file protein25.cif (mmCIF, C-alpha atoms)
data_input
#
loop_
_atom_site.label_atom_id
_atom_site.label_comp_id
_atom_site.auth_asym_id
_atom_site.auth_seq_id
_atom_site.Cartn_x
_atom_site.Cartn_y
_atom_site.Cartn_z
CA MET A 1 112.45 123.62 133.31
CA ALA A 2 114.65 124.61 130.38
CA TYR A 3 116.87 121.97 128.78
CA ASP A 4 120.59 122.61 129.28
CA LYS A 5 122.64 120.71 126.71
CA ASN A 6 125.85 121.56 128.55
CA ASN A 7 124.76 119.46 131.55
CA PHE A 8 123.42 116.52 129.49
CA ASP A 9 125.19 113.25 130.20
CA PRO A 10 124.49 110.68 127.42
CA LYS A 11 125.84 107.81 129.53
CA ALA A 12 123.62 108.68 132.51
CA ALA A 13 120.60 109.07 130.21
CA ALA A 14 121.22 105.65 128.64
CA GLU A 15 121.56 104.04 132.07
CA ALA A 16 118.34 105.68 133.25
CA ARG A 17 116.48 104.45 130.18
CA LYS A 18 117.84 100.90 130.65
CA LYS A 19 116.77 100.92 134.30
CA GLU A 20 113.26 102.04 133.35
CA MET A 21 113.05 99.35 130.64
CA ASP A 22 114.07 96.69 133.19
CA GLU A 23 111.40 97.92 135.62
CA ILE A 24 108.75 97.88 132.87
CA THR A 25 109.76 94.34 131.85
CA VAL A 26 109.36 93.09 135.45
CA LYS A 27 105.95 94.78 135.69
CA LEU A 28 104.85 93.09 132.48
CA GLU A 29 106.01 89.65 133.64
CA ASN A 30 104.03 89.97 136.87
CA GLY A 31 101.12 91.64 135.14
CA VAL A 32 100.64 88.83 132.60
CA LYS A 33 100.68 86.16 135.33
CA ASN A 34 98.24 88.10 137.51
CA ILE A 35 95.78 88.64 134.67
CA PHE A 36 94.76 84.96 134.72
CA GLU A 37 93.82 85.06 138.38
CA GLY A 38 90.28 85.69 139.62
CA ASP A 39 88.38 88.72 138.29
CA ILE A 40 91.50 90.44 136.96
CA TYR A 41 91.03 88.69 133.61
CA GLN A 42 87.64 90.31 133.05
CA ASP A 43 89.10 93.66 134.09
CA TYR A 44 91.79 93.20 131.45
CA LEU A 45 89.22 92.31 128.77
CA LYS A 46 87.20 95.42 129.65
CA PHE A 47 90.38 97.42 129.22
CA CYS A 48 91.01 95.70 125.91
CA ALA A 49 87.54 96.81 124.79
CA LYS A 50 88.37 100.45 125.57
CA LEU A 51 91.84 100.39 123.96
CA PRO A 52 91.61 97.69 121.27
CA ARG A 53 94.39 99.12 119.10
CA TYR A 54 97.08 99.08 121.80
CA SER A 55 99.42 96.08 122.07
CA VAL A 56 98.99 93.58 124.91
CA ASN A 57 102.11 94.96 126.61
CA ASN A 58 100.82 98.53 126.54
CA GLN A 59 97.28 97.55 127.55
CA ILE A 60 98.68 95.87 130.66
CA LEU A 61 101.01 98.81 131.43
CA ILE A 62 98.18 101.36 131.11
CA MET A 63 95.86 99.19 133.18
CA MET A 64 98.44 98.90 135.99
CA GLN A 65 99.15 102.65 136.09
CA ARG A 66 95.68 104.08 135.37
CA PRO A 67 92.85 101.52 135.68
CA ASP A 68 90.18 104.13 134.85
CA ALA A 69 91.72 105.06 131.47
CA THR A 70 89.32 104.98 128.51
CA MET A 71 91.18 106.57 125.58
CA CYS A 72 94.91 107.28 125.35
CA GLN A 73 97.04 109.33 122.99
CA SER A 74 100.50 110.87 122.97
CA PHE A 75 100.97 114.57 123.78
CA SER A 76 101.21 115.43 120.08
CA GLY A 77 98.34 113.05 119.26
CA TRP A 78 95.96 114.99 121.52
CA LYS A 79 97.25 118.24 120.02
CA GLU A 80 96.30 117.04 116.52
CA MET A 81 92.77 116.40 117.86
CA ASN A 82 92.60 120.01 119.16
CA ARG A 83 92.97 118.92 122.78
CA HIS A 84 95.76 119.72 125.24
CA VAL A 85 97.20 117.89 128.23
CA LEU A 86 96.33 119.66 131.48
CA LYS A 87 99.16 121.26 133.40
CA GLY A 88 100.70 119.01 136.05
CA GLU A 89 99.37 115.73 134.60
CA LYS A 90 101.80 112.81 134.79
CA GLY A 91 102.23 110.67 131.68
CA ILE A 92 101.43 106.95 131.57
CA ARG A 93 104.64 105.15 130.63
CA ILE A 94 104.32 102.63 127.81
CA LEU A 95 106.60 101.10 125.18
CA ALA A 96 106.99 102.53 121.68
CA PRO A 97 108.84 100.89 118.76
CA ALA A 98 112.35 102.29 118.27
CA PRO A 99 113.97 100.20 115.52
CA TYR A 100 117.51 100.97 114.46
CA LYS A 101 119.81 99.84 111.65
CA MET A 102 123.26 98.31 111.96
CA GLU A 103 125.79 96.57 109.75
CA ARG A 104 126.37 92.87 110.22
CA GLU A 105 128.78 90.45 108.53
CA GLN A 106 127.25 87.24 107.24
CA ASP A 107 127.76 84.50 104.64
CA LYS A 108 127.02 85.59 101.09
CA LEU A 109 124.19 83.64 99.45
CA ASP A 110 123.36 83.00 95.81
CA SER A 111 119.91 83.37 94.21
CA ASN A 112 118.96 79.89 95.48
CA GLY A 113 119.86 80.72 99.08
CA LYS A 114 123.05 78.63 99.11
CA VAL A 115 126.32 79.86 100.65
CA ILE A 116 128.87 81.05 98.06
CA LEU A 117 132.35 79.62 98.61
CA ASP A 118 135.74 81.01 97.58
CA LYS A 119 138.46 79.04 95.78
CA ASP A 120 139.57 77.52 99.10
CA GLY A 121 136.07 76.33 99.90
CA GLU A 122 135.51 78.93 102.61
CA PRO A 123 132.27 80.95 102.80
CA ILE A 124 132.51 84.41 101.26
CA LYS A 125 131.49 87.09 103.76
CA GLU A 126 129.56 90.29 103.07
CA LYS A 127 128.35 93.21 105.11
CA VAL A 128 124.60 93.82 105.15
CA GLU A 129 122.41 96.40 106.84
CA VAL A 130 119.81 94.88 109.15
CA THR A 131 116.98 96.43 111.17
CA ILE A 132 116.95 95.63 114.87
CA ASN A 133 113.55 95.75 116.57
CA ALA A 134 113.79 97.68 119.82
CA PHE A 135 111.52 99.64 122.15
CA LYS A 136 111.79 102.77 124.25
CA PRO A 137 109.69 104.16 127.14
CA VAL A 138 107.36 106.99 126.13
CA SER A 139 104.41 108.80 127.70
CA THR A 140 100.75 108.60 126.79
CA PHE A 141 97.82 110.45 128.38
CA ASP A 142 94.22 109.46 129.04
CA ILE A 143 91.41 111.68 127.77
CA SER A 144 90.56 112.54 131.40
CA GLN A 145 93.96 114.26 131.59
CA THR A 146 93.14 116.57 128.67
CA ASP A 147 90.79 119.37 127.71
CA GLY A 148 89.60 120.75 124.36
CA ASP A 149 87.32 119.79 121.48
CA PRO A 150 84.84 116.94 122.08
CA ILE A 151 85.68 113.54 120.60
CA PRO A 152 83.20 112.24 117.98
CA THR A 153 81.67 108.85 118.83
CA LEU A 154 79.54 106.25 117.09
CA GLY A 155 76.63 106.89 119.41
CA ILE A 156 76.67 103.45 121.02
CA GLU A 157 73.55 104.16 123.07
CA GLU A 158 71.58 104.56 119.86
CA LEU A 159 73.04 101.38 118.39
CA THR A 160 72.05 99.13 121.27
CA GLY A 161 69.05 100.96 122.70
CA SER A 162 66.58 100.83 119.81
CA VAL A 163 65.36 98.34 117.24
CA ASP A 164 66.65 100.50 114.38
CA GLY A 165 70.06 100.70 116.02
CA TYR A 166 70.13 96.96 116.60
CA LYS A 167 69.25 96.36 112.95
CA THR A 168 72.14 98.55 111.79
CA LEU A 169 74.60 96.84 114.14
CA LEU A 170 73.40 93.37 113.17
CA GLU A 171 73.64 94.15 109.44
CA ALA A 172 77.16 95.52 109.94
CA ILE A 173 78.25 92.35 111.77
CA GLN A 174 76.73 90.09 109.12
CA GLU A 175 78.56 91.98 106.37
CA VAL A 176 82.01 91.88 108.00
CA VAL A 177 81.89 88.21 109.03
CA PRO A 178 83.22 86.33 105.96
CA VAL A 179 80.95 83.25 106.23
CA PRO A 180 77.16 82.85 105.89
CA ILE A 181 75.06 83.39 109.06
CA THR A 182 71.69 81.64 109.26
CA PHE A 183 68.95 81.74 111.90
CA GLU A 184 67.31 78.42 112.66
CA ASN A 185 65.85 76.21 115.38
CA ILE A 186 68.82 74.38 116.93
CA GLU A 187 67.43 71.19 118.47
CA SER A 188 70.46 70.52 120.68
CA GLY A 189 69.61 73.59 122.78
CA ALA A 190 72.81 75.44 121.83
CA LYS A 191 72.56 79.17 121.19
CA GLY A 192 74.71 78.80 118.10
CA TYR A 193 77.59 76.96 116.47
CA PHE A 194 80.29 77.29 113.81
CA HIS A 195 80.20 74.40 111.36
CA LEU A 196 83.80 73.46 110.52
CA GLU A 197 83.07 71.43 107.39
CA GLU A 198 80.40 73.70 105.89
CA ASN A 199 82.20 76.86 107.04
CA ARG A 200 79.06 78.64 108.22
CA ILE A 201 77.52 80.02 111.42
CA ALA A 202 74.10 78.97 112.74
CA VAL A 203 72.26 81.04 115.37
CA GLN A 204 69.20 80.06 117.39
CA GLU A 205 66.24 82.07 116.14
CA GLY A 206 63.97 84.06 118.45
CA MET A 207 66.61 85.09 121.02
CA SER A 208 66.90 88.59 122.49
CA GLU A 209 68.83 91.22 120.56
CA ALA A 210 71.75 91.25 123.04
CA GLN A 211 71.99 87.44 123.10
CA THR A 212 71.86 87.27 119.31
CA VAL A 213 74.79 89.70 118.95
CA LYS A 214 76.79 87.87 121.66
CA THR A 215 76.27 84.50 119.99
CA ILE A 216 77.21 85.73 116.51
CA ILE A 217 80.41 87.38 117.79
CA HIS A 218 81.34 84.23 119.77
CA GLU A 219 80.93 82.01 116.71
CA ALA A 220 82.63 84.59 114.48
CA ALA A 221 85.65 84.37 116.82
CA HIS A 222 85.66 80.58 116.38
CA GLN A 223 85.58 81.10 112.62
CA ALA A 224 88.46 83.60 112.71
CA LEU A 225 90.67 81.60 115.09
CA HIS A 226 89.67 77.93 114.85
CA SER A 227 88.54 77.27 111.29
CA LYS A 228 89.84 74.23 109.41
CA GLU A 229 92.15 76.49 107.43
CA LYS A 230 93.61 77.97 110.62
CA TYR A 231 93.90 74.52 112.18
CA ASP A 232 95.85 73.15 109.19
CA SER A 233 98.25 76.11 109.07
CA ASN A 234 98.85 76.33 112.83
CA SER A 235 101.40 73.99 114.37
CA GLU A 236 99.89 74.57 117.84
CA LYS A 237 96.96 72.26 118.52
CA LYS A 238 94.59 74.00 120.91
CA THR A 239 92.48 72.27 123.53
CA LYS A 240 88.72 72.73 123.71
CA ASN A 241 89.13 74.88 126.84
CA GLN A 242 91.61 77.14 125.08
CA LYS A 243 89.33 77.52 122.05
CA GLU A 244 86.36 78.40 124.26
CA THR A 245 88.46 80.82 126.30
CA GLU A 246 89.55 82.63 123.14
CA ALA A 247 86.09 82.77 121.55
CA GLU A 248 84.37 83.85 124.77
CA SER A 249 87.07 86.46 125.42
CA VAL A 250 86.75 87.97 121.94
CA ALA A 251 82.96 88.11 122.28
CA PHE A 252 83.30 89.75 125.72
CA VAL A 253 85.65 92.45 124.37
CA VAL A 254 83.49 93.26 121.31
CA CYS A 255 80.22 93.32 123.29
CA GLN A 256 81.82 95.47 125.99
CA HIS A 257 82.98 97.90 123.29
CA TYR A 258 79.39 98.33 122.04
CA GLY A 259 77.89 98.66 125.50
CA ILE A 260 76.09 95.31 125.42
CA ASP A 261 75.52 93.68 128.82
CA THR A 262 78.39 91.27 129.65
CA SER A 263 77.41 90.40 133.24
CA ASP A 264 76.59 86.77 132.39
CA TYR A 265 79.99 85.95 130.88
CA SER A 266 81.89 83.25 132.77
CA PHE A 267 85.56 82.25 132.60
CA GLY A 268 85.50 79.43 135.17
CA TYR A 269 87.67 77.16 133.01
CA LEU A 270 90.35 79.84 132.63
CA ALA A 271 92.47 78.78 135.60
CA SER A 272 92.82 75.14 134.50
CA TRP A 273 93.67 76.16 130.94
CA SER A 274 96.35 78.70 131.91
CA GLU A 275 97.88 76.67 134.75
CA GLY A 276 101.54 75.78 134.23
CA LYS A 277 101.97 77.94 131.12
CA GLU A 278 104.94 80.28 130.78
CA VAL A 279 104.58 84.03 130.30
CA PRO A 280 105.41 83.99 126.54
CA GLU A 281 102.65 81.41 125.94
CA LEU A 282 100.11 83.35 127.98
CA LYS A 283 101.07 86.61 126.29
CA ALA A 284 100.72 84.96 122.86
CA SER A 285 97.16 83.89 123.75
CA LEU A 286 96.32 87.38 124.97
CA ASN A 287 97.67 88.83 121.75
CA THR A 288 95.58 86.38 119.69
CA ILE A 289 92.46 87.52 121.56
CA ARG A 290 93.36 91.20 121.26
CA GLN A 291 94.04 91.01 117.51
CA ALA A 292 90.82 89.10 116.74
CA ALA A 293 88.72 91.52 118.84
CA SER A 294 90.45 94.60 117.42
CA ASP A 295 89.93 93.36 113.85
CA LEU A 296 86.20 92.80 114.42
CA ILE A 297 85.72 96.13 116.21
CA THR A 298 87.55 98.08 113.50
CA LYS A 299 85.56 96.49 110.65
CA ILE A 300 82.20 96.80 112.44
CA ASP A 301 82.90 100.44 113.36
CA ASP A 302 83.71 101.30 109.74
CA LYS A 303 80.60 99.52 108.46
CA VAL A 304 78.35 101.18 111.07
CA ARG A 305 79.68 104.64 110.11
CA GLU A 306 79.06 103.88 106.45
CA LYS A 307 75.51 102.66 107.08
CA THR A 308 74.72 105.53 109.45
CA THR A 309 75.88 108.11 106.87
CA VAL A 310 73.77 106.54 104.12
CA LYS A 311 70.75 106.35 106.45
CA GLU A 312 71.10 110.02 107.43
CA MET A 313 71.32 111.04 103.75
CA ASP A 314 68.23 108.97 102.89
CA GLU A 315 66.28 110.54 105.75
CA PHE A 316 67.37 114.04 104.70
CA MET A 317 66.39 113.47 101.07
CA GLU A 318 63.04 112.06 102.12
CA ALA A 319 62.33 115.12 104.30
CA HIS A 320 63.80 117.86 102.08
CA GLY A 321 64.14 116.39 98.59
CA ASP A 322 61.31 118.53 97.18
CA GLU A 323 63.05 121.70 98.35
CA LEU A 324 66.28 121.07 96.44
CA PRO A 325 66.70 122.90 93.09
CA PHE A 326 67.94 119.80 91.27
CA ASP A 327 65.03 117.60 92.38
CA ASN A 328 63.14 118.32 89.09
CA PRO A 329 65.78 119.24 86.49
CA GLU A 330 64.91 120.66 83.09
CA ALA A 331 64.00 117.88 80.69
CA ASP A 332 66.56 119.01 78.12
CA GLN A 333 69.36 119.49 80.64
CA PRO A 334 71.63 116.89 82.28
CA ILE A 335 70.81 115.66 85.79
CA GLY A 336 72.08 118.09 88.40
CA TYR A 337 71.56 121.15 86.15
CA ILE A 338 70.41 124.20 88.09
CA LYS A 339 68.68 127.00 86.17
CA VAL A 340 69.71 130.42 87.46
CA THR A 341 67.49 133.46 86.74
CA PRO A 342 69.35 136.79 86.99
CA PRO A 343 67.79 139.45 89.25
CA VAL A 344 67.71 142.01 86.39
CA ASP A 345 66.84 141.19 82.78
CA PHE A 346 68.68 143.79 80.65
CA SER A 347 67.11 142.41 77.47
CA GLU A 348 63.88 144.23 78.34
CA TYR A 349 65.54 147.69 78.67
CA LYS A 350 64.35 150.13 76.02
CA PRO A 351 66.32 153.39 75.70
CA GLU A 352 64.55 156.67 74.82
CA LYS A 353 66.72 157.22 71.80
CA LYS A 354 67.73 154.60 69.30
CA ILE A 355 71.39 153.65 69.46
CA THR A 356 73.00 153.45 66.05
CA ILE A 357 76.40 151.89 65.58
CA THR A 358 78.20 152.55 62.31
CA ALA A 359 81.55 151.38 61.10
CA GLU A 360 83.65 153.95 59.22
CA LYS A 361 85.90 152.96 56.36
CA ILE A 362 89.52 153.29 57.32
CA ASP A 363 91.53 155.77 55.25
CA THR A 364 95.04 154.35 54.93
CA ALA A 365 96.59 157.75 54.14
CA LYS A 366 94.88 159.40 57.12
CA GLU A 367 95.93 156.47 59.38
CA LYS A 368 99.61 156.93 58.38
CA SER A 369 99.31 160.69 58.89
CA SER A 370 97.76 160.13 62.30
CA GLU A 371 100.62 157.83 63.30
CA LYS A 372 103.10 160.53 62.21
CA ASP A 373 101.22 163.21 64.20
CA ASN A 374 101.21 160.96 67.29
CA ALA A 375 104.95 160.45 67.02
CA VAL A 376 105.51 164.22 66.77
CA ALA A 377 103.17 164.79 69.73
CA LYS A 378 105.08 162.28 71.86
CA LYS A 379 108.36 163.91 70.92
CA THR A 380 106.95 167.33 71.75
CA ALA A 381 105.55 166.06 75.05
CA LYS A 382 109.00 165.08 76.18
CA LYS A 383 110.10 168.73 75.81
CA THR A 384 107.15 170.08 77.81
CA SER A 385 108.27 171.91 80.93
CA ILE A 386 107.17 170.93 84.45
CA LYS A 387 105.34 174.24 84.78
CA ASP A 388 103.28 173.53 81.64
CA LYS A 389 102.39 170.01 82.96
CA ILE A 390 101.11 171.45 86.24
CA THR A 391 99.00 174.05 84.41
CA ALA A 392 97.52 171.42 82.09
CA GLY A 393 96.70 169.17 85.04
CA LYS A 394 94.80 171.94 86.86
CA LYS A 395 92.81 172.75 83.72
CA LYS A 396 91.83 169.08 83.20
CA ALA A 397 90.68 168.71 86.83
CA ALA A 398 88.50 171.85 86.55
CA GLU A 399 86.81 170.53 83.40
CA GLN A 400 86.07 167.13 85.07
CA LYS A 401 84.57 168.85 88.11
CA LYS A 402 82.36 170.97 85.87
CA SER A 403 81.09 167.95 83.90
CA LYS A 404 80.13 166.03 87.10
CA SER A 405 77.96 168.91 88.28
CA LYS A 406 75.41 168.35 85.45
CA PRO A 407 72.55 166.19 86.89
CA ASP A 408 70.62 165.85 83.63
CA LYS A 409 73.28 163.83 81.82
CA ASP A 410 71.77 161.83 78.98
CA LEU A 411 71.35 158.12 79.92
CA GLN A 412 72.06 157.09 76.36
CA ALA A 413 75.37 158.95 76.41
CA ALA A 414 76.28 157.30 79.71
CA MET A 415 75.72 153.89 78.15
#
call {"tool": "encode", "arguments": {"input": "protein25.cif", "output": "structure tokens"}}
result
Amino acid sequence: MAYDKNNFDPKAAAEARKKEMDEITVKLENGVKNIFEGDIYQDYLKFCAKLPRYSVNNQILIMMQRPDATMCQSFSGWKEMNRHVLKGEKGIRILAPAPYKMEREQDKLDSNGKVILDKDGEPIKEKVEVTINAFKPVSTFDISQTDGDPIPTLGIEELTGSVDGYKTLLEAIQEVVPVPITFENIESGAKGYFHLEENRIAVQEGMSEAQTVKTIIHEAAHQALHSKEKYDSNSEKKTKNQKETEAESVAFVVCQHYGIDTSDYSFGYLASWSEGKEVPELKASLNTIRQAASDLITKIDDKVREKTTVKEMDEFMEAHGDELPFDNPEADQPIGYIKVTPPVDFSEYKPEKKITITAEKIDTAKEKSSEKDNAVAKKTAKKTSIKDKITAGKKKAAEQKKSKSKPDKDLQAAM
């Protein structure tokens, strides 16, 4: 339907947007509370694994409207990826930042942050421009609602399905976690632990590949969220249940993202930890989990891509290195030099007759006379009639045609 600006009512549009924002806010309030009940929490974490870069608010909104969503983008976002939204598809409504600026009057402060007073001891006022954080409803679309070019992936099946893939993933994790990771025999029977004082992670040796990755991610979450440095800088003192909920949740999200089996994860202590908490507190915890998981996923993804690219180049060079022209460069040439041999070597051409080139001595008098003759010729040419020009042109064309008809033209003359 075409947009008719004559029938647009700004007041009605603003009221409609406010109503939709109120409805979305109510959905979020209920959605956050419901997440901590039963199996819904694991469903949310699975969703978080599929859309780690979306905010908690938008993850919940997408989950409530389209539980089967796996990858979402705006209409223009899909277009940039050479995909298009299918006709008739309804957008998933989420919240997008819509900050705006406004002028506000406030007390004027000096360089030390103190209020400046006038001669009567009253605060001096000044107008300043401030940015107000606001949001607006917008539409996003799941990949299942689009068609077009395929989306490149990391090849998760390869990462978790073979020893080589596991090695690449494990190396990537070890490189992005900022503390040392050691494998040892833990006598207490624990699968692993994060040592607060020594700031290191210990992992039980000899475990399965999946269990090893799970344990490292769990302890890496403890390091990121519950280290001594974090504890000292954070005014909120977390209980043991809350710490375990956060670490286990982060590990669940990251493992789910990489296709590692998460069926044995348990959140039995979740209900007692979340009981009695208000929505802002619960949402803050969800955001902490989302940010920690998203940070790990982003860094591991980047490292895996880097390692995979290097591995593919090494394999290619090993298989085809001998075929490349710069594999054995000339000894007296810089590395990368490629010697090109022309298809025809004109240096070996020997003409039938010797070509002699002589330089004549220039006669200054003749040169001046020639310049004078040329000037006269040009002046005369200007007076030539059109009829004479046509006749001369025909004569020249006949001579050229006659010269082309000779097949035995001397090669030396042609050169």
call {"tool": "closest_residue", "arguments": {"input": "protein25.cif", "among": "A:Lys114, A:Lys228, A:Thr215, A:Leu286", "to": "Glu246 of chain A", "atoms": "only C-alpha atoms"}}
result
A:Leu286
call {"tool": "closest_residue", "arguments": {"input": "protein25.cif", "among": "A:Cys255, A:Ile132, A:Ile151, A:Ile40", "to": "Asn82 of chain A", "atoms": "all atoms listed in the file"}}
result
A:Ile151
call {"tool": "atom_distance", "arguments": {"input": "protein25.cif", "atom1": "atom CA of Ile60 of chain A", "atom2": "atom CA of Tyr258 of chain A"}}
result
21.3 Å
call {"tool": "closest_atom_pairs", "arguments": {"input": "protein25.cif", "of": "segment 152-232 of chain A", "to": "segment 291-311 of chain A", "cutoff": "8 Å", "atoms": "only C-alpha atoms", "output": "Markdown table"}}
result
| residue | atom | partner | partner_atom | distance |
| --- | --- | --- | --- | --- |
| A:Leu154 | CA | A:Arg305 | CA | 7.2 |
| A:Thr168 | CA | A:Val304 | CA | 6.8 |
| A:Leu169 | CA | A:Val304 | CA | 6.5 |
| A:Ala172 | CA | A:Lys303 | CA | 5.5 |
| A:Ile173 | CA | A:Ile300 | CA | 6.0 |
| A:Val176 | CA | A:Lys299 | CA | 6.4 |
| A:Ala221 | CA | A:Ala292 | CA | 7.0 |
| A:Ala224 | CA | A:Ala292 | CA | 7.2 |
| A:Leu225 | CA | A:Ala292 | CA | 7.7 |
call {"tool": "residues_around", "arguments": {"input": "protein25.cif", "residues": "Gln42 of chain A", "least_positions_apart": "5", "cutoff": "9 Å", "atoms": "all atoms listed in the file", "output": "count of residues only"}}
result
5
call {"tool": "residues_around", "arguments": {"input": "protein25.cif", "residues": "Phe135 of chain A", "least_positions_apart": "5", "cutoff": "9 Å", "atoms": "only C-alpha atoms", "output": "list in words"}}
result
Met21, Leu95, Ala96, Pro97, Ala98 and Pro99 of chain A
call {"tool": "closest_residue", "arguments": {"input": "protein25.cif", "among": "A:Pro67, A:Asn57, A:Glu244, A:Lys79", "to": "Asp147 of chain A", "atoms": "all atoms listed in the file"}}
result
A:Lys79
call {"tool": "closest_residue", "arguments": {"input": "protein25.cif", "among": "A:Phe141, A:Ala49, A:Thr131, A:Gly31", "to": "Lys87 of chain A", "atoms": "only C-alpha atoms"}}
result
A:Phe141
call {"tool": "atom_distance", "arguments": {"input": "protein25.cif", "atom1": "atom CA of Tyr41 of chain A", "atom2": "atom CA of Ser144 of chain A"}}
result
24.0 Å
call {"tool": "atom_distance", "arguments": {"input": "protein25.cif", "atom1": "atom CA of Gln59 of chain A", "atom2": "atom CA of Lys277 of chain A"}}
result
20.5 Å
call {"tool": "closest_residue", "arguments": {"input": "protein25.cif", "among": "A:Glu20, A:Glu37, A:Asp68, A:Glu248", "to": "His218 of chain A", "atoms": "only C-alpha atoms"}}
result
A:Glu248
call {"tool": "closest_residue", "arguments": {"input": "protein25.cif", "among": "A:Pro123, A:Pro137, A:Pro150, A:Gly165", "to": "Glu209 of chain A", "atoms": "all atoms listed in the file"}}
result
A:Gly165
call {"tool": "resolve_selection", "arguments": {"input": "protein25.cif", "expression": "the PyMOL selection byres ((chain A and resi 227) around 12)", "output": "VMD selection string"}}
result
chain A and resid 178 to 179 194 to 201 219 to 226 228 to 234 238 243 247
call {"tool": "axis_aligned_box", "arguments": {"input": "protein25.cif", "around": "segment 65-69 of chain A", "padding_each_side": "6 Å", "output": "JSON"}}
result
{"center_x": 94.7, "center_y": 103.3, "center_z": 133.8, "size_x": 21.0, "size_y": 15.5, "size_z": 16.6}
call {"tool": "residues_around", "arguments": {"input": "protein25.cif", "residues": "segment 102-106 of chain A", "least_positions_apart": "4", "cutoff": "10 Å", "atoms": "all atoms listed in the file", "output": "list in words"}}
result
Val115, Pro123, Ile124, Lys125, Glu126, Lys127, Val128, Glu129, Val130, Thr131 and Ile132 of chain A
call {"tool": "write_last_selection", "arguments": {"input": "protein25.cif", "atoms": "C-alpha atoms", "output": "mmCIF file, keeping the file's coordinate frame"}}
result
data_model
loop_
_atom_site.group_PDB
_atom_site.id
_atom_site.type_symbol
_atom_site.label_atom_id
_atom_site.label_comp_id
_atom_site.auth_asym_id
_atom_site.auth_seq_id
_atom_site.Cartn_x
_atom_site.Cartn_y
_atom_site.Cartn_z
ATOM 1 C CA VAL A 115 126.320 79.860 100.650
ATOM 2 C CA PRO A 123 132.270 80.950 102.800
ATOM 3 C CA ILE A 124 132.510 84.410 101.260
ATOM 4 C CA LYS A 125 131.490 87.090 103.760
ATOM 5 C CA GLU A 126 129.560 90.290 103.070
ATOM 6 C CA LYS A 127 128.350 93.210 105.110
ATOM 7 C CA VAL A 128 124.600 93.820 105.150
ATOM 8 C CA GLU A 129 122.410 96.400 106.840
ATOM 9 C CA VAL A 130 119.810 94.880 109.150
ATOM 10 C CA THR A 131 116.980 96.430 111.170
ATOM 11 C CA ILE A 132 116.950 95.630 114.870
#
call {"tool": "resolve_selection", "arguments": {"input": "protein25.cif", "expression": "the PyMOL selection byres ((chain A and resi 83) around 12)", "output": "VMD selection string"}}
result
chain A and resid 73 to 82 84 to 86 141 to 151
call {"tool": "write_last_selection", "arguments": {"input": "protein25.cif", "atoms": "C-alpha atoms", "output": "PDB file, in the coordinates of the input"}}
result
ATOM      1  CA  GLN A  73      97.040 109.330 122.990  1.00  0.00           C
ATOM      2  CA  SER A  74     100.500 110.870 122.970  1.00  0.00           C
ATOM      3  CA  PHE A  75     100.970 114.570 123.780  1.00  0.00           C
ATOM      4  CA  SER A  76     101.210 115.430 120.080  1.00  0.00           C
ATOM      5  CA  GLY A  77      98.340 113.050 119.260  1.00  0.00           C
ATOM      6  CA  TRP A  78      95.960 114.990 121.520  1.00  0.00           C
ATOM      7  CA  LYS A  79      97.250 118.240 120.020  1.00  0.00           C
ATOM      8  CA  GLU A  80      96.300 117.040 116.520  1.00  0.00           C
ATOM      9  CA  MET A  81      92.770 116.400 117.860  1.00  0.00           C
ATOM     10  CA  ASN A  82      92.600 120.010 119.160  1.00  0.00           C
ATOM     11  CA  HIS A  84      95.760 119.720 125.240  1.00  0.00           C
ATOM     12  CA  VAL A  85      97.200 117.890 128.230  1.00  0.00           C
ATOM     13  CA  LEU A  86      96.330 119.660 131.480  1.00  0.00           C
ATOM     14  CA  PHE A 141      97.820 110.450 128.380  1.00  0.00           C
ATOM     15  CA  ASP A 142      94.220 109.460 129.040  1.00  0.00           C
ATOM     16  CA  ILE A 143      91.410 111.680 127.770  1.00  0.00           C
ATOM     17  CA  SER A 144      90.560 112.540 131.400  1.00  0.00           C
ATOM     18  CA  GLN A 145      93.960 114.260 131.590  1.00  0.00           C
ATOM     19  CA  THR A 146      93.140 116.570 128.670  1.00  0.00           C
ATOM     20  CA  ASP A 147      90.790 119.370 127.710  1.00  0.00           C
ATOM     21  CA  GLY A 148      89.600 120.750 124.360  1.00  0.00           C
ATOM     22  CA  ASP A 149      87.320 119.790 121.480  1.00  0.00           C
ATOM     23  CA  PRO A 150      84.840 116.940 122.080  1.00  0.00           C
ATOM     24  CA  ILE A 151      85.680 113.540 120.600  1.00  0.00           C
TER      25      ILE A 151
END
call {"tool": "resolve_selection", "arguments": {"input": "protein25.cif", "expression": "the PyMOL selection byres ((chain A and resi 28) around 12)", "output": "number ranges by chain"}}
result
A: 21-27, 29-35, 56-65, 94-95, 279-280, 282-283
call {"tool": "residues_near_point", "arguments": {"input": "protein25.cif", "point": "(94.6, 90.4, 126.2)", "cutoff": "7 Å", "atoms": "all atoms listed in the file", "output": "list in words"}}
result
Tyr44, Leu45, Cys48, Val56, Leu286, Asn287, Ile289 and Arg290 of chain A
